[in-house]
Amino acid sequence: MAHDLIPLKDGDNLEKAGREIFDELTWRSFFQEVKLNPLKLNLNAKYWGEIRSRTVCRIHDLMHDIALSVMGKDCLTIVDRPNENQLLSAGPTRHLFSSYKYIQTLLDAYLKKHSPALQTLLYTDSFTRGSTPHLSNHSHLRALQLFQECKWKKAPQPRHLQHLRYLDISKHHYMNELPKEISTLYNLQTLNLTGCRNLGRLPKDMKYMTNLRNLYTNGCISLKCMSPELGQLTSLQTLTYFVVGSSPDCSTIGELRDLNLGGELKLAGLQYVTEQDARACSLGNKEKLTHLSLEWSDDGSEELDQHRNVLDALKPHVALEFLQINSYKGIGFPAWVADLTLLQHLTKLHLDGCTMCEEFPQFSQFKALEVLVLKRLNMLQSLCSHNASAAFPALKDLILNHLENFERWVATEGEELTFPLLENVKIKDCPKLTTLAEAPKIKVIKVEEGNSQLSLSIFGSRYMSCLSELSLSVDDTEATPTLKLDQDCEVSLLEMSLNGFNFLFPSCASQPAVGVWKCFGQLLELKIGSCDMLIYWPEEEFRSLVSLKSFCIENCSNLTGPANVTGYHTRGRDQLLPNLKDLSIYECGSLEELFVLPPSLTSIGIRDCGSLESILGQDNRELESVQHFDRTVSSEHCSTSMPEQSPSPRINSLPFLGSLYINDCNNLRFVPAQLDALVYLYIKACNDLESLDCLGDLPLMESLHLEGCRHLVSVPGSDGNYPALRMLTIRYCPAINMKPLYRCLQQRLGSLETKDLSDASSRDPEEGTFKVPFTPFSFPFLTLSIVLQMYTLQPVVSSFIQSYLYFRFWEHIWFVCFFLISMSRRL
């Protein structure tokens, strides 16, 4: 559209013609694997405020290469770090695409040199320094995308971009306003502001942008209202998020009356809407509108009857496929919400925060319904009043959240409900629900509850044999199982997450493992969290997990390490999680030692484990030699002078480890393993760590990040020569010797993608100090602290003053004065 490449026929519009061209190219296999990307699989969809699935597709590599060949010098694509000379000598181009994160400086130099011919600039990653490319001379630009999380307060100035047709500045979290010159882009057809979460207002003169066809504002949660007289944008085809404001200089939803909107539309701030304005917007005439979201304020104090009258007036077209109603405070719904003829094409229904509602539609009667989401419906007790043989014939996804009175699936006691196609169920905080309905094709179950009754019923049910993913979270840590968990059957479960499931682990190391673990031989991913009963590594349970590839454990505060019980400790390295690839351990403050790590590991991540001393476990056969090795390491810091006759029994124990992440493990003293395959190394806040020489020369390492390691004396490797290094950051390591690194990398430091060595030998300014909020009352304290730093009493008095900056000045000034007087008398 931006380059006028879509031919139009009489009566057609650009969007329709473009869709036909896309469909034809798909039919001819130019595009492949064209499909809708469901919102439940798109993790960022909710974050960006999207309510409609996106169409995604692929293009064959061969077709892509042919296309680039045909374009020749007219198209320049940068997906990896380019050679600087080659980029600057590439010559002018018409279309430039870059997805390479660290290209900013080179790209800016290229744009300054080759500016006049450029018509397309698509930059799909963040600017590391928070500034835009050099755009002042690009007056011929028609399509511009500056994408993802730049730290701008304002958008780039568009005064030189009068020919711009397409502008994408989405997902810039820090941008809080648009320049008023945006309204002078009279040729602009598409403006994408998706995910600009701090954007407060739109330019007030947007009504003059008469060629604007698509305005994407979903995810702009800070918008107070829409620009006045928005109804003058008669070309507008897409408007994803409309906020009704309370001030008179804002557009009312009546401005939507003459706009032929399609796709998705979210109306927010409906507490400010009157019934007359709601009828004036004529939603029922917008036949291309398929996704509709209606949202009131949670804290609205208006009359409840007004909610029902406004909702009744917002009756949509029969073509609606998605309906979402948030924070509606009416006692019942208007007739059209339960009208099966009107909503015969409805495939997704979301009701959230309808806390006053006592009457609900018969959900089972929506024959096309595939997704049903019910949240915060305080009065809801069941899904339907009676059993129906054809109930929910198409439902695939069901989410029940914070339904405090929901206790059965069918209102009639004794009757059951069947979901013939249901695959995914998520239940959270439904305290009265104790069983699942009949669902023969269910694959994914996620439950979060206060007690364990519903979760335990799943363990003992027939669903376990067909599940592929199971996630259970129980707040009641004192719960005891009411059914036997000693099944010995193989299940097809691939992913499992357990949070607070104390009864699945023995209370002491001498007790046998719970039998249900024998069922999980096919399990690939396991996550364990908030399990206070877990004191020792569950090595007996691990023996059944022969297929496990990913293991994450977090917030298990009592976990210490392997059990020192005869017959319980692991009998050999090859018998414990032999196929494990990824290991993550977070917030286990009592953990001192890991289990014996299998050689198959490719990634280790450890954070907030303050008692951990070593990242490698040990078995009984190696205990004596390892203890000797530990003493040697602690005295020699893994130096190259270590006696050759006493090699480490753990050398090359992790031959495939490519990523090592360690953060906030202050007791970690050494990492005694030679990691020849290591590509990514990140170590932060490990103050007892003194040396990393035992890691070897690290010939494959591409990224090295060392930060806040107070006693670290050297970089890993014998001489700091890393032939594959691309990213280097060393900060706040005051004892480190940087000379070998500078000597070996002096020729390549300038060519690294990222380099931050400015604070390599500095002490962390936040270490050991308090973060003080500045107030007018804290100024005397700050001044006094600075003055006292010049004198010998600074360590005592200054630290005391910094501590007391947490408190109110006038409430504690008498104590400060008393302390200062006492100190002066002592001196």
# chains A, B, ... in the order shown; residues from 1 in each chain; ligands from 1

$ residues_around --residues "Leu612 of chain A" --least-positions-apart "2" --cutoff "12 Å" --atoms "only C-alpha atoms" --output "PyMOL selection string"
chain A and resi 559-561+585-595+606-610+614-617+662-671+686+688-689

$ write_last_selection --atoms "N, CA and C atoms" --output "tab-separated table (two decimals), in the first residue's frame"
chain	number	residue	atom	x	y	z
A	559	LEU	N	15.55	-26.63	50.79
A	559	LEU	CA	16.38	-27.55	50.05
A	559	LEU	C	17.86	-27.28	50.33
A	560	THR	N	18.59	-28.32	50.76
A	560	THR	CA	20.00	-28.14	51.11
A	560	THR	C	20.95	-28.84	50.16
A	561	GLY	N	20.61	-30.04	49.69
A	561	GLY	CA	21.51	-30.77	48.81
A	561	GLY	C	21.24	-32.26	48.86
A	585	ILE	N	17.79	-23.16	38.62
A	585	ILE	CA	17.58	-23.19	40.07
A	585	ILE	C	17.50	-21.74	40.56
A	586	TYR	N	16.34	-21.36	41.13
A	586	TYR	CA	16.12	-19.98	41.54
A	586	TYR	C	15.60	-19.92	42.97
A	587	GLU	N	16.14	-18.99	43.74
A	587	GLU	CA	15.62	-18.65	45.07
A	587	GLU	C	15.55	-19.85	46.00
A	588	CYS	N	16.60	-20.61	46.05
A	588	CYS	CA	16.74	-21.70	47.01
A	588	CYS	C	17.86	-21.31	47.97
A	589	GLY	N	17.52	-20.52	48.99
A	589	GLY	CA	18.53	-19.88	49.82
A	589	GLY	C	19.33	-20.83	50.69
A	590	SER	N	18.83	-22.04	50.99
A	590	SER	CA	19.56	-22.98	51.83
A	590	SER	C	20.39	-23.97	51.03
A	591	LEU	N	20.31	-23.94	49.73
A	591	LEU	CA	21.00	-24.92	48.90
A	591	LEU	C	22.51	-24.75	48.98
A	592	GLU	N	23.20	-25.85	49.34
A	592	GLU	CA	24.65	-25.82	49.46
A	592	GLU	C	25.34	-26.58	48.34
A	593	GLU	N	24.66	-27.58	47.79
A	593	GLU	CA	25.32	-28.44	46.80
A	593	GLU	C	24.29	-28.99	45.82
A	594	LEU	N	24.68	-29.11	44.57
A	594	LEU	CA	23.80	-29.69	43.56
A	594	LEU	C	23.91	-31.20	43.57
A	595	PHE	N	22.97	-31.84	42.89
A	595	PHE	CA	23.10	-33.28	42.66
A	595	PHE	C	24.17	-33.51	41.59
A	606	ILE	N	21.42	-20.31	37.55
A	606	ILE	CA	21.29	-20.33	39.01
A	606	ILE	C	21.17	-18.88	39.49
A	607	ARG	N	20.16	-18.60	40.33
A	607	ARG	CA	19.96	-17.24	40.83
A	607	ARG	C	19.46	-17.28	42.27
A	608	ASP	N	19.96	-16.38	43.10
A	608	ASP	CA	19.52	-16.21	44.48
A	608	ASP	C	19.64	-17.50	45.29
A	609	CYS	N	20.80	-18.10	45.22
A	609	CYS	CA	21.12	-19.27	46.05
A	609	CYS	C	22.33	-18.91	46.90
A	610	GLY	N	22.08	-18.19	47.99
A	610	GLY	CA	23.16	-17.59	48.76
A	610	GLY	C	24.06	-18.56	49.47
A	614	SER	N	29.36	-24.66	45.27
A	614	SER	CA	29.90	-25.22	44.04
A	614	SER	C	28.76	-25.58	43.11
A	615	ILE	N	28.97	-25.48	41.81
A	615	ILE	CA	27.90	-25.79	40.87
A	615	ILE	C	27.90	-27.26	40.49
A	616	LEU	N	28.87	-28.05	40.95
A	616	LEU	CA	28.90	-29.46	40.61
A	616	LEU	C	28.64	-30.31	41.84
A	617	GLY	N	27.87	-31.38	41.66
A	617	GLY	CA	27.62	-32.32	42.75
A	617	GLY	C	28.74	-33.34	42.84
A	662	ILE	N	24.94	-17.43	36.43
A	662	ILE	CA	24.97	-17.47	37.89
A	662	ILE	C	24.80	-16.04	38.40
A	663	ASN	N	23.80	-15.84	39.28
A	663	ASN	CA	23.50	-14.50	39.77
A	663	ASN	C	23.17	-14.56	41.26
A	664	ASP	N	23.84	-13.71	42.01
A	664	ASP	CA	23.56	-13.55	43.44
A	664	ASP	C	23.75	-14.85	44.21
A	665	CYS	N	24.94	-15.41	44.09
A	665	CYS	CA	25.34	-16.60	44.87
A	665	CYS	C	26.63	-16.23	45.61
A	666	ASN	N	26.50	-15.56	46.72
A	666	ASN	CA	27.65	-14.95	47.39
A	666	ASN	C	28.60	-15.97	48.00
A	667	ASN	N	28.16	-17.19	48.27
A	667	ASN	CA	29.04	-18.20	48.86
A	667	ASN	C	29.75	-19.05	47.82
A	668	LEU	N	29.47	-18.83	46.57
A	668	LEU	CA	30.12	-19.62	45.52
A	668	LEU	C	31.60	-19.28	45.48
A	669	ARG	N	32.44	-20.31	45.67
A	669	ARG	CA	33.88	-20.09	45.77
A	669	ARG	C	34.63	-20.43	44.49
A	670	PHE	N	34.14	-21.40	43.75
A	670	PHE	CA	34.85	-21.79	42.54
A	670	PHE	C	33.91	-22.53	41.61
A	671	VAL	N	34.32	-22.61	40.36
A	671	VAL	CA	33.58	-23.36	39.33
A	671	VAL	C	34.55	-24.37	38.75
A	686	CYS	N	28.68	-12.48	42.88
A	686	CYS	CA	29.26	-13.65	43.54
A	686	CYS	C	30.55	-13.19	44.21
A	688	ASP	N	32.35	-14.15	46.83
A	688	ASP	CA	33.37	-15.07	47.30
A	688	ASP	C	34.14	-15.72	46.15
A	689	LEU	N	33.70	-15.49	44.95
A	689	LEU	CA	34.37	-16.09	43.79
A	689	LEU	C	35.68	-15.35	43.52

$ select_by_dssp --residues "segment 249-487 of chain A" --states "helix (DSSP H, G or I)" --output "number ranges by chain"
A: 253-256, 270-272, 275-280, 283-285, 304-313, 335-338, 363-365, 453-459, 462-465

$ write_last_selection --atoms "C-alpha atoms" --output "CSV table (one decimal), in the first residue's frame"
chain,number,residue,atom,x,y,z
A,253,ILE,CA,-18.2,7.1,20.6
A,254,GLY,CA,-20.8,8.8,18.4
A,255,GLU,CA,-17.9,9.8,16.2
A,256,LEU,CA,-17.7,6.2,15.1
A,270,LEU,CA,-17.9,3.2,28.9
A,271,GLN,CA,-18.8,4.6,32.3
A,272,TYR,CA,-18.8,8.0,30.6
A,275,GLU,CA,-27.4,5.4,26.0
A,276,GLN,CA,-27.9,8.1,23.3
A,277,ASP,CA,-24.2,8.1,22.4
A,278,ALA,CA,-24.1,4.3,22.4
A,279,ARG,CA,-26.9,4.1,19.9
A,280,ALA,CA,-25.3,6.9,17.8
A,283,LEU,CA,-22.2,-0.9,15.9
A,284,GLY,CA,-25.0,-3.0,14.4
A,285,ASN,CA,-24.2,-1.5,11.0
A,304,LEU,CA,-26.3,0.1,37.5
A,305,ASP,CA,-29.3,0.5,35.1
A,306,GLN,CA,-27.1,2.7,33.0
A,307,HIS,CA,-24.7,-0.2,32.4
A,308,ARG,CA,-27.5,-2.4,31.0
A,309,ASN,CA,-29.0,0.4,28.8
A,310,VAL,CA,-25.6,1.2,27.3
A,311,LEU,CA,-24.8,-2.5,26.7
A,312,ASP,CA,-28.2,-2.9,25.1
A,313,ALA,CA,-27.5,0.0,22.8
A,335,ALA,CA,-31.5,-9.9,25.4
A,336,TRP,CA,-29.0,-9.7,22.5
A,337,VAL,CA,-26.2,-11.3,24.6
A,338,ALA,CA,-28.3,-14.5,24.8
A,363,PHE,CA,-23.3,-20.8,27.6
A,364,SER,CA,-23.9,-24.4,26.3
A,365,GLN,CA,-26.3,-23.1,23.6
A,453,GLN,CA,-9.0,-31.6,46.4
A,454,LEU,CA,-9.4,-30.8,42.7
A,455,SER,CA,-5.7,-31.4,41.9
A,456,LEU,CA,-5.6,-34.7,43.7
A,457,SER,CA,-8.7,-35.8,41.8
A,458,ILE,CA,-6.8,-35.2,38.6
A,459,PHE,CA,-3.9,-37.4,39.7
A,462,ARG,CA,-8.5,-41.3,33.7
A,463,TYR,CA,-7.3,-37.9,32.3
A,464,MET,CA,-3.7,-38.7,33.3
A,465,SER,CA,-3.4,-41.2,30.5

$ residues_around --residues "Ile6 of chain A" --least-positions-apart "3" --cutoff "9 Å" --atoms "only C-alpha atoms" --output "PyMOL selection string"
chain A and resi 1+3+14+17-18+21

$ residues_around --residues "Leu372 of chain A" --least-positions-apart "3" --cutoff "7 Å" --atoms "only C-alpha atoms" --output "NGL selection string"
:A and (348-350 or 397-399)

$ residues_around --residues "Cys357 of chain A" --least-positions-apart "2" --cutoff "6 Å" --atoms "only C-alpha atoms" --output "PyMOL selection string"
chain A and resi 330-332+354-355+359

$ residues_around --residues "segment 140-142 of chain A" --least-positions-apart "5" --cutoff "8 Å" --atoms "only C-alpha atoms" --output "JSON, numbers by chain"
{"A": [2, 3, 116, 117, 118, 119, 120, 121, 161, 163, 164, 165, 166]}

$ atom_distance --atom1 "atom CA of Ser659 of chain A" --atom2 "atom CA of Asp676 of chain A"
11.2 Å

$ residues_around --residues "Lys16 of chain A" --least-positions-apart "3" --cutoff "12 Å" --atoms "only C-alpha atoms" --output "PyMOL selection string"
chain A and resi 1+6-13+19-23+237+262+288

$ closest_residue --among "A:Ser89, A:Thr434, A:Asn424, A:Ser603" --to "Lys446 of chain A" --atoms "only C-alpha atoms"
A:Asn424

$ atom_distance --atom1 "atom CA of Glu15 of chain A" --atom2 "atom CA of Lys224 of chain A"
29.5 Å
